[in-house]
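Q: Got a file for you: coords-v4.cif, mmCIF, C-alpha atoms.
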data_run
#
loop_
_atom_site.label_atom_id
_atom_site.label_comp_id
_atom_site.auth_asym_id
_atom_site.auth_seq_id
_atom_site.Cartn_x
_atom_site.Cartn_y
_atom_site.Cartn_z
CA MET A 814 0.00 0.00 0.00
CA ASN A 815 2.94 2.34 0.69
CA GLU A 816 4.00 2.18 -2.94
CA LYS A 817 0.54 3.19 -4.14
CA LEU A 818 0.34 6.00 -1.60
CA THR A 819 3.77 7.29 -2.66
CA GLU A 820 2.56 7.41 -6.26
CA ILE A 821 -0.52 9.38 -5.16
CA GLU A 822 1.64 11.84 -3.21
CA ASN A 823 3.97 12.32 -6.19
CA ARG A 824 0.99 12.99 -8.44
CA TYR A 825 -0.34 15.48 -5.87
CA LEU A 826 2.98 17.38 -5.90
CA GLU A 827 3.04 17.26 -9.70
CA LEU A 828 -0.45 18.78 -9.89
CA GLN A 829 0.58 21.46 -7.42
CA GLN A 830 3.35 22.55 -9.79
CA GLU A 831 1.15 22.31 -12.90
CA MET A 832 -1.46 24.61 -11.36
CA ILE A 833 1.01 27.46 -10.79
CA LYS A 834 2.77 27.34 -14.15
CA PRO A 835 2.35 30.74 -15.88
CA GLU A 836 1.12 29.15 -19.12
CA ASN A 837 -1.64 27.29 -17.22
CA LEU A 838 -2.90 30.09 -14.97
CA SER A 839 -5.11 31.68 -17.66
CA ASN A 840 -6.58 28.37 -18.85
CA ARG A 841 -9.78 28.11 -16.79
CA GLU A 842 -10.80 24.72 -18.16
CA LEU A 843 -7.40 23.21 -17.40
CA GLN A 844 -7.29 24.87 -13.97
CA SER A 845 -10.70 23.39 -13.14
CA LYS A 846 -9.58 19.92 -14.26
CA LEU A 847 -6.30 20.08 -12.34
CA GLY A 848 -8.02 21.56 -9.29
CA LYS A 849 -10.60 18.77 -9.11
CA GLU A 850 -7.94 16.06 -9.27
CA PHE A 851 -5.77 17.93 -6.75
CA LYS A 852 -8.67 18.26 -4.31
CA SER A 853 -9.62 14.59 -4.69
CA LEU A 854 -6.08 13.46 -3.78
CA GLU A 855 -5.61 15.88 -0.88
CA PRO A 856 -7.37 13.84 1.89
CA VAL A 857 -5.35 10.72 1.02
CA VAL A 858 -2.06 12.62 0.91
CA PHE A 859 -2.70 14.32 4.25
CA LYS A 860 -3.52 10.97 5.90
CA PHE A 861 -0.45 9.36 4.33
CA ARG A 862 1.73 12.15 5.71
CA GLU A 863 0.14 11.73 9.12
CA TYR A 864 0.88 7.99 8.91
CA LYS A 865 4.55 8.64 8.04
CA SER A 866 4.85 11.14 10.90
CA VAL A 867 3.49 8.68 13.47
CA GLN A 868 5.62 5.91 11.99
CA GLY A 869 8.71 8.15 12.39
CA ASP A 870 7.82 8.80 16.04
CA ARG A 871 7.44 5.06 16.60
CA GLU A 872 10.85 4.32 15.07
CA ALA A 873 12.43 7.00 17.27
CA ALA A 874 10.83 5.42 20.33
CA GLU A 875 12.19 2.00 19.35
CA GLU A 876 15.71 3.46 19.20
CA LEU A 877 15.28 4.88 22.70
CA MET A 878 14.20 1.45 23.90
CA LEU A 879 17.68 0.09 23.16
CA ASP A 880 19.21 2.01 26.04
CA ALA A 881 16.16 2.26 28.31
CA SER A 882 15.51 0.34 31.52
CA GLY A 883 13.12 0.26 34.44
CA ASP A 884 10.33 2.86 34.45
CA ASP A 885 11.70 4.57 31.34
CA LYS A 886 11.43 1.34 29.40
CA SER A 887 7.84 0.77 30.55
CA MET A 888 6.92 4.31 29.57
CA ILE A 889 8.43 3.92 26.09
CA GLU A 890 6.69 0.57 25.62
CA ALA A 891 3.37 2.27 26.39
CA GLU A 892 4.20 5.00 23.86
CA ILE A 893 4.99 2.42 21.18
CA LYS A 894 1.70 0.66 21.88
CA GLU A 895 -0.13 3.98 21.47
CA TYR A 896 1.69 4.62 18.19
CA ASP A 897 0.61 1.17 16.96
CA ASN A 898 -3.00 1.99 17.78
CA GLN A 899 -2.73 5.29 15.90
CA LEU A 900 -1.17 3.60 12.87
CA GLU A 901 -3.93 0.98 12.79
CA LEU A 902 -6.61 3.68 12.91
CA ILE A 903 -4.94 5.76 10.19
CA GLU A 904 -4.59 2.66 7.98
CA LYS A 905 -8.34 2.07 8.22
CA GLU A 906 -9.02 5.70 7.36
CA ILE A 907 -6.70 5.51 4.33
CA LYS A 908 -8.39 2.32 3.10
CA THR A 909 -11.74 4.08 3.36
CA LEU A 910 -10.39 7.04 1.37
CA LEU A 911 -9.04 4.67 -1.29
CA THR A 912 -12.37 2.87 -1.63
CA PRO A 913 -13.78 3.53 -5.13
CA ARG A 914 -16.09 6.53 -5.10
CA ASN A 915 -19.80 5.85 -5.48
CA PRO A 916 -20.74 7.29 -8.91
CA ARG A 917 -24.08 8.41 -7.46
CA ASP A 918 -22.38 10.76 -5.02
CA SER A 919 -22.14 13.46 -7.67
CA ARG A 920 -25.91 13.43 -8.23
CA PRO A 921 -28.73 14.93 -6.18
CA VAL A 922 -30.45 12.60 -3.69
CA ILE A 923 -34.25 12.47 -3.74
CA PHE A 924 -35.99 11.98 -0.40
CA GLU A 925 -39.64 11.01 -0.01
CA ILE A 926 -41.02 10.98 3.54
CA ARG A 927 -44.61 9.79 4.03
CA ALA A 928 -46.81 9.37 7.08
CA GLY A 929 -47.74 5.76 7.86
CA THR A 930 -49.66 4.46 10.85
CA GLY A 931 -50.47 7.03 13.52
CA GLY A 932 -52.63 9.72 11.98
CA GLU A 933 -51.71 13.31 12.79
CA GLU A 934 -48.85 12.22 15.05
CA ALA A 935 -47.22 10.44 12.08
CA CYS A 936 -47.69 13.62 10.01
CA LEU A 937 -45.94 15.65 12.70
CA PHE A 938 -43.04 13.21 12.70
CA VAL A 939 -42.74 13.55 8.92
CA MET A 940 -41.87 17.20 9.54
CA ASN A 941 -39.56 16.27 12.42
CA LEU A 942 -37.55 13.98 10.14
CA PHE A 943 -37.49 16.58 7.38
CA GLU A 944 -36.12 19.15 9.84
CA MET A 945 -33.52 16.62 11.04
CA TYR A 946 -32.25 16.02 7.50
CA SER A 947 -32.40 19.76 6.74
CA ARG A 948 -30.15 20.55 9.70
CA TYR A 949 -27.75 17.75 8.77
CA ALA A 950 -27.56 19.06 5.20
CA GLU A 951 -26.96 22.59 6.49
CA ARG A 952 -24.11 21.40 8.71
CA LEU A 953 -22.42 19.82 5.68
CA ASN A 954 -23.13 22.79 3.40
CA TRP A 955 -25.37 20.69 1.16
CA LYS A 956 -28.13 22.26 -0.90
CA LEU A 957 -31.71 21.22 -0.06
CA GLU A 958 -34.78 21.98 -2.17
CA ILE A 959 -38.40 21.00 -1.51
CA ALA A 960 -40.21 19.55 -4.53
CA SER A 961 -43.65 19.08 -3.01
CA ILE A 962 -45.37 19.00 0.35
CA ASN A 963 -48.85 17.79 1.31
CA GLN A 964 -49.55 19.47 4.62
CA SER A 965 -51.77 18.00 7.33
CA ASP A 966 -54.35 19.72 9.55
CA MET A 967 -51.84 20.63 12.25
CA ARG A 968 -48.16 21.52 11.68
CA GLY A 969 -47.26 18.23 10.06
CA ALA A 970 -47.24 16.84 6.54
CA LYS A 971 -48.78 13.74 5.00
CA GLU A 972 -45.82 13.60 2.66
CA ILE A 973 -42.86 15.70 1.63
CA VAL A 974 -40.50 15.25 -1.32
CA PHE A 975 -37.19 17.09 -1.46
CA THR A 976 -33.72 16.86 -2.98
CA ILE A 977 -30.31 17.14 -1.32
CA GLU A 978 -27.26 17.95 -3.38
CA GLY A 979 -23.71 17.76 -2.07
CA GLU A 980 -20.50 15.75 -2.32
CA GLY A 981 -20.94 12.30 -0.77
CA ALA A 982 -24.63 12.81 -0.04
CA PHE A 983 -25.85 9.49 -1.45
CA SER A 984 -23.20 7.41 0.31
CA LYS A 985 -24.08 9.01 3.63
CA LEU A 986 -27.87 9.05 3.27
CA GLN A 987 -28.72 5.87 1.34
CA PHE A 988 -29.22 3.88 4.54
CA GLU A 989 -32.02 6.18 5.73
CA ALA A 990 -34.51 4.31 3.54
CA GLY A 991 -37.09 2.29 5.45
CA THR A 992 -39.70 2.64 8.18
CA HIS A 993 -38.92 4.99 11.05
CA ARG A 994 -40.95 4.40 14.22
CA VAL A 995 -41.56 7.08 16.86
CA GLN A 996 -42.69 6.51 20.44
CA ARG A 997 -43.85 9.57 22.39
CA VAL A 998 -46.81 11.33 23.98
CA PRO A 999 -48.68 13.21 21.20
CA GLU A 1000 -49.64 16.84 21.72
CA THR A 1001 -53.29 15.80 21.39
CA GLU A 1002 -53.02 13.12 24.11
CA SER A 1003 -54.72 14.40 27.27
CA GLN A 1004 -53.94 11.40 29.49
CA GLY A 1005 -50.19 11.32 28.87
CA ARG A 1006 -50.16 7.93 27.14
CA ILE A 1007 -47.27 7.02 24.85
CA HIS A 1008 -48.30 6.38 21.24
CA THR A 1009 -46.36 4.58 18.53
CA SER A 1010 -46.46 5.94 14.98
CA ALA A 1011 -44.59 5.14 11.78
CA VAL A 1012 -43.17 7.09 8.85
CA THR A 1013 -41.66 5.70 5.64
CA VAL A 1014 -38.57 7.12 3.97
CA ALA A 1015 -37.47 6.42 0.40
CA VAL A 1016 -34.04 7.49 -0.84
CA LEU A 1017 -33.39 7.66 -4.58
CA SER A 1018 -30.43 8.82 -6.64
CA GLU A 1019 -31.29 11.26 -9.42
CA PRO A 1020 -30.18 9.60 -12.66
CA ASP A 1021 -28.09 11.13 -15.41
CA ASP A 1022 -29.84 11.67 -18.72
CA VAL A 1023 -27.81 8.80 -20.18
CA ASP A 1024 -29.07 6.40 -17.50
CA ILE A 1025 -32.66 6.21 -18.69
CA ASP A 1026 -34.77 7.31 -21.63
CA VAL A 1027 -38.37 8.27 -20.86
CA LYS A 1028 -40.68 8.93 -23.80
CA MET A 1029 -42.88 12.01 -23.45
CA GLU A 1030 -45.77 10.21 -25.14
CA ASP A 1031 -45.82 7.86 -22.13
CA ILE A 1032 -46.38 10.75 -19.72
CA ARG A 1033 -49.61 12.56 -18.89
CA VAL A 1034 -49.03 16.12 -17.69
CA ASP A 1035 -51.59 17.85 -15.45
CA THR A 1036 -51.34 21.37 -14.04
CA TYR A 1037 -53.07 22.69 -10.94
CA ARG A 1038 -52.78 25.45 -8.37
CA SER A 1039 -50.25 25.02 -5.60
CA SER A 1040 -51.57 24.73 -2.06
CA GLY A 1041 -50.07 25.55 1.31
CA ALA A 1042 -47.35 28.08 2.07
CA GLY A 1043 -45.94 30.18 -0.73
CA GLY A 1044 -47.70 33.54 -0.71
CA GLN A 1045 -50.05 35.04 -3.28
CA HIS A 1046 -48.14 33.67 -6.25
CA VAL A 1047 -49.19 30.06 -5.71
CA ASN A 1048 -52.83 30.99 -5.31
CA LYS A 1049 -53.06 32.87 -8.61
CA THR A 1050 -51.22 30.61 -11.04
CA SER A 1051 -51.58 26.94 -12.01
CA SER A 1052 -47.86 26.35 -11.69
CA ALA A 1053 -47.96 22.97 -9.89
CA ILE A 1054 -47.29 19.91 -12.05
CA ARG A 1055 -48.46 16.32 -11.83
CA LEU A 1056 -46.74 13.76 -14.06
CA THR A 1057 -48.25 10.30 -14.58
CA HIS A 1058 -46.08 7.67 -16.22
CA ILE A 1059 -48.75 5.60 -18.00
CA PRO A 1060 -46.75 2.33 -18.47
CA THR A 1061 -45.88 2.05 -14.76
CA GLY A 1062 -48.61 4.13 -13.12
CA LEU A 1063 -46.03 6.19 -11.25
CA VAL A 1064 -47.28 9.65 -10.22
CA VAL A 1065 -45.02 12.54 -9.27
CA THR A 1066 -46.06 16.04 -8.23
CA CYS A 1067 -43.99 19.19 -7.84
CA GLN A 1068 -45.31 22.52 -6.64
CA ASP A 1069 -42.55 24.30 -4.76
CA GLN A 1070 -40.81 26.05 -7.65
CA ARG A 1071 -41.83 29.49 -8.85
CA SER A 1072 -42.73 28.54 -12.40
CA GLN A 1073 -44.52 25.76 -14.21
CA HIS A 1074 -41.38 25.05 -16.25
CA GLN A 1075 -39.23 24.63 -13.13
CA ASN A 1076 -41.80 22.36 -11.49
CA LYS A 1077 -42.05 20.22 -14.61
CA ASP A 1078 -38.28 19.91 -14.86
CA LYS A 1079 -37.92 18.82 -11.22
CA ALA A 1080 -40.90 16.45 -11.43
CA MET A 1081 -39.37 14.84 -14.52
CA ARG A 1082 -36.08 14.26 -12.71
CA ILE A 1083 -37.87 12.65 -9.77
CA LEU A 1084 -39.96 10.50 -12.11
CA LYS A 1085 -36.83 9.30 -13.91
CA ALA A 1086 -35.27 8.38 -10.58
CA HIS A 1087 -38.29 6.21 -9.76
CA ILE A 1088 -38.26 4.54 -13.16
CA LEU A 1089 -34.52 3.88 -12.93
CA LYS A 1090 -35.00 2.34 -9.50
CA MET A 1091 -37.75 0.10 -10.84
CA GLU A 1092 -35.56 -0.98 -13.75
CA GLU A 1093 -32.69 -1.82 -11.44
CA GLU A 1094 -34.96 -3.85 -9.18
CA LYS A 1095 -36.47 -5.62 -12.19
CA GLN A 1096 -33.03 -6.63 -13.42
CA MET A 1097 -32.38 -8.23 -10.04
CA SER A 1098 -35.76 -10.00 -10.25
CA GLU A 1099 -36.61 -8.60 -6.83
CA MET A 1100 -38.63 -5.50 -7.68
CA SER A 1101 -41.65 -5.97 -5.41
CA GLU A 1102 -39.66 -7.44 -2.53
CA SER A 1103 -36.96 -4.78 -2.78
CA ARG A 1104 -39.51 -1.96 -2.73
CA ARG A 1105 -41.19 -3.44 0.35
CA ASN A 1106 -37.80 -3.81 2.03
CA MET A 1107 -36.99 -0.20 1.26
CA VAL A 1108 -40.04 1.63 2.53
CA GLY A 1109 -42.24 -1.08 4.03
CA SER A 1110 -45.96 -0.64 4.37
CA GLY A 1111 -45.84 2.04 7.06
CA ASP A 1112 -46.99 -0.41 9.71
CA ARG A 1113 -45.68 -0.04 13.27
CA SER A 1114 -44.17 -3.53 13.24
CA GLU A 1115 -41.92 -2.82 10.24
CA LYS A 1116 -39.00 -0.68 11.32
CA ILE A 1117 -35.35 0.09 10.71
CA ARG A 1118 -35.15 2.63 13.51
CA THR A 1119 -37.02 3.68 16.64
CA TYR A 1120 -37.08 7.16 18.16
CA ASN A 1121 -38.10 6.82 21.82
CA TYR A 1122 -38.74 10.29 23.25
CA PRO A 1123 -39.52 9.36 26.90
CA GLN A 1124 -36.13 7.63 27.17
CA SER A 1125 -34.34 10.10 24.85
CA ARG A 1126 -33.14 7.04 22.94
CA ILE A 1127 -32.67 6.26 19.26
CA THR A 1128 -32.04 2.69 18.09
CA ASP A 1129 -31.14 1.48 14.61
CA HIS A 1130 -32.29 -2.12 14.61
CA ARG A 1131 -30.24 -3.19 11.59
CA ILE A 1132 -26.87 -2.71 13.27
CA GLY A 1133 -27.80 -2.55 16.96
CA PHE A 1134 -26.77 1.10 17.22
CA THR A 1135 -28.19 2.90 20.27
CA SER A 1136 -27.74 6.48 21.38
CA HIS A 1137 -29.32 8.49 24.19
CA ASN A 1138 -28.60 11.73 22.37
CA LEU A 1139 -32.01 11.83 20.69
CA GLN A 1140 -32.29 15.60 21.00
CA GLY A 1141 -28.91 16.12 19.32
CA ILE A 1142 -29.70 13.69 16.51
CA MET A 1143 -33.03 15.39 15.80
CA MET A 1144 -31.02 18.64 15.56
CA GLY A 1145 -29.01 17.12 12.72
CA GLU A 1146 -26.11 15.54 14.63
CA LEU A 1147 -26.20 12.36 12.54
CA ASP A 1148 -22.46 11.82 12.09
CA ASP A 1149 -22.02 8.89 14.52
CA LEU A 1150 -25.11 7.08 13.22
CA VAL A 1151 -24.24 7.63 9.56
CA GLU A 1152 -20.67 6.43 10.13
CA ALA A 1153 -21.84 3.32 12.02
CA LEU A 1154 -24.17 2.42 9.13
CA ARG A 1155 -21.42 3.01 6.57
CA VAL A 1156 -18.90 0.85 8.45
CA ALA A 1157 -21.47 -1.96 8.86
CA ALA A 1158 -22.31 -1.87 5.16
CA GLN A 1159 -18.63 -1.92 4.24
CA ALA A 1160 -17.99 -4.89 6.54
CA ALA A 1161 -20.96 -6.75 5.05
CA ALA A 1162 -19.71 -6.10 1.52
CA MET A 1163 -16.23 -7.38 2.43
CA ALA A 1164 -17.75 -10.49 4.02
CA VAL A 1165 -19.68 -11.23 0.83
CA GLY A 1166 -16.52 -10.72 -1.18
CA ASP A 1167 -14.62 -13.17 1.03
CA LYS A 1168 -17.30 -15.80 0.51
CA VAL A 1169 -17.16 -15.36 -3.25
#
Represent the structure contained in this file as structure tokens.

A:
Amino acid sequence: MNEKLTEIENRYLELQQEMIKPENLSNRELQSKLGKEFKSLEPVVFKFREYKSVQGDREAAEELMLDASGDDKSMIEAEIKEYDNQLELIEKEIKTLLTPRNPRDSRPVIFEIRAGTGGEEACLFVMNLFEMYSRYAERLNWKLEIASINQSDMRGAKEIVFTIEGEGAFSKLQFEAGTHRVQRVPETESQGRIHTSAVTVAVLSEPDDVDIDVKMEDIRVDTYRSSGAGGQHVNKTSSAIRLTHIPTGLVVTCQDQRSQHQNKDKAMRILKAHILKMEEEKQMSEMSESRRNMVGSGDRSEKIRTYNYPQSRITDHRIGFTSHNLQGIMMGELDDLVEALRVAAQAAAMAVGDKV
């Protein structure tokens, strides 16, 4: 691995020199190309340099061990053990950085959150989850846009569709798909009883135009007036769009953009993502089962995660992850959970590879 990392570092230094050459400074296209490659190599190079620094400290400690005795020797042995732990951790981080990049990470992620069992309480939790993902996206400087929202009688939503765009978004968020169960005392509960409600989350990757070809003659386009928040504009114009893909029966609506053209464009991208997902599932001969596994039926018994408010506890049942920082997680502090899911998925993929 050292040989490969040395090659990466040499390429990094080479790019650094290429970017400051006078003949290249005025070439914007070349600068953009060099800059992207330079930025992609930077995390690996920095970790490799950190590894070499710790390795140098360890070698220096080993030299001191030759003349050490008594307490000094014990202290140096402890230092060497700590260096070994650091090197092992850095090695894992480097392997993660060298893992081939998910091609979907450069595309927007489409989220669909829908209320399942639980009535108005489920609708309120739809908004809670949306706010959680919004805060997480904001922390990572990702761009979030709402495509459509079907508001409920109180402050909740029966469903909300939105996109998140940012580097690495799909890899981090793909494991959010499934049924999310919430246990808490609803605002409308007068006797203080804990209720259990469920919300389904679907996560799709927006396809490139080359991924799928959708014929316009297969799509029925309906326009209507937007509802809900948005000011006078949405009440006066029929800017909302509903697309129905006749061959599959898929229906997508978009009403949050300011013009009919923008809504149609976003609805078409969401529709293509659904069709691509269906095609992928069909190729695996698991379409119906895969869809059920992804979002479930919205029943309380089907769950990937439980949010228990009385105990301030969140549990992801797929990997046995438990945290009592429910308030922090709902404020968008998802890093530990996202990383645990990523590591578990990576371990599972390696296990499958070993069996093959």

Q: Could you state which residues are captured by the PyMOL selection byres ((chain A and resi 1055-1068) around 7) in this file, as a list in words?

A: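 Written out, the selection comes to Ala960, Ser961, Asp1031, Ile1032, Arg1033, Val1034, Asp1035, Thr1036, Ser1039, Ser1052, Ala1053, Ile1054, Asp1069, Gln1070, Asn1076, Lys1079, Ala1080 and Leu1084 of chain A.
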
Q: For this structure, which residues satisfy the selection - the PyMOL selection byres ((chain A and resi 932-946) around 8) - when it is evaluated on the file as given? I want them as a list in words.

A: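 Selected by the PyMOL selection byres ((chain A and resi 932-946) around 8) here: Ile926, Arg927, Ala928, Gly929, Thr930, Gly931, Ser947, Arg948, Tyr949, Ala950, Ser965, Asp966, Met967, Arg968, Gly969, Ala970, Lys971, Glu972, Ile973, Val995, Pro999, Ser1010, Ala1011, Val1012, Ile1142, Met1143, Met1144 and Gly1145 of chain A.
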
Q: Got a sec to check which residues sit within 8 Å of (-24.4, 16.3, -5.1), counting only C-alpha atoms, and write them as a PyMOL selection string?

A: chain A and resi 918-922+955+977-983

Q: Nearest to Arg871 of chain A: which of A:Lys985, A:His993, A:Lys894, A:Lys956 is it, counting only C-alpha atoms?

A: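 Nearest to Arg871 of chain A: A:Lys894.
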
Q: By how many Å are atom CA of Val1027 of chain A and atom CA of Lys1077 of chain A apart?

A: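 These atoms are spaced 14.0 Å apart.
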
Q: In Å, with one decimal, what is the gap from atom CA of Met1029 of chain A to atom CA of Ala1086 of chain A?

A: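 Distance between the two atoms: 15.4 Å.
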
Q: So which residues get picked by the PyMOL selection byres ((chain A and resi 1131-1133) around 10) here, written as a count of residues only?

A: 14

Q: How many Å separate atom CA of Glu831 of chain A from atom CA of Pro856 of chain A?

A: 19.1 Å

Q: Which is closer to Ile923 of chain A than all the others in A:Phe851, A:Tyr864, A:Tyr1037, A:Phe975, using all atoms listed in the file?

A: A:Phe975

Q: Looking at all atoms listed in the file, which of A:Arg952, A:His1074, A:Ala874, A:Tyr1122 is the one that sits closest to Lys886 of chain A?

A: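 When distances to Lys886 of chain A are compared using all atoms listed in the file, the smallest one comes from A:Ala874.
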
Q: From the options A:Gln987, A:Gln830, A:Ser845, A:Gln996, which residue's atoms come nearest to His1008 of chain A, counting all atoms listed in the file?

A: A:Gln996

Q: Pick out the residues sitting within 10 Å of Ser887 of chain A, and hand them over as a ChimeraX atom specification; count all atoms listed in the file, and ignore anything fewer than 6 positions along from it in its own chain.

A: /A:878,881,893

Q: Would you place a box with edges along x, y and z of the file around all atoms of segment 996-999 of chain A listed there, add 4 Å to each of its six sides, and report the centre and edge lengths in Å to one decimal, as AutoDock Vina command-line options?

A:
--center_x -45.7 --center_y 9.9 --center_z 22.2 --size_x 14.0 --size_y 14.7 --size_z 11.5

Q: Which residues are close to Ser853 of chain A, i.e. within 12 Å by all atoms listed in the file, leaving aside same-chain residues fewer than 6 positions away? Reply as a ChimeraX atom specification.

A: /A:821-822,824-825,828,846-847,859,910-911,913-914,980

Q: Those same residues, written as a PDB file, in the frame of the given file with C-alpha atoms?

A:
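The result, stored in again-v1.pdb:
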ATOM      1  CA  ILE A 821      -0.520   9.380  -5.160  1.00  0.00           C
ATOM      2  CA  GLU A 822       1.640  11.840  -3.210  1.00  0.00           C
ATOM      3  CA  ARG A 824       0.990  12.990  -8.440  1.00  0.00           C
ATOM      4  CA  TYR A 825      -0.340  15.480  -5.870  1.00  0.00           C
ATOM      5  CA  LEU A 828      -0.450  18.780  -9.890  1.00  0.00           C
ATOM      6  CA  LYS A 846      -9.580  19.920 -14.260  1.00  0.00           C
ATOM      7  CA  LEU A 847      -6.300  20.080 -12.340  1.00  0.00           C
ATOM      8  CA  PHE A 859      -2.700  14.320   4.250  1.00  0.00           C
ATOM      9  CA  LEU A 910     -10.390   7.040   1.370  1.00  0.00           C
ATOM     10  CA  LEU A 911      -9.040   4.670  -1.290  1.00  0.00           C
ATOM     11  CA  PRO A 913     -13.780   3.530  -5.130  1.00  0.00           C
ATOM     12  CA  ARG A 914     -16.090   6.530  -5.100  1.00  0.00           C
ATOM     13  CA  GLU A 980     -20.500  15.750  -2.320  1.00  0.00           C
TER      14      GLU A 980
END

Q: I'd like to know which of A:Val1014, A:Pro835, A:Glu863, A:Glu827 is closest to Gly848 of chain A, using all atoms listed in the file.

A: A:Glu827
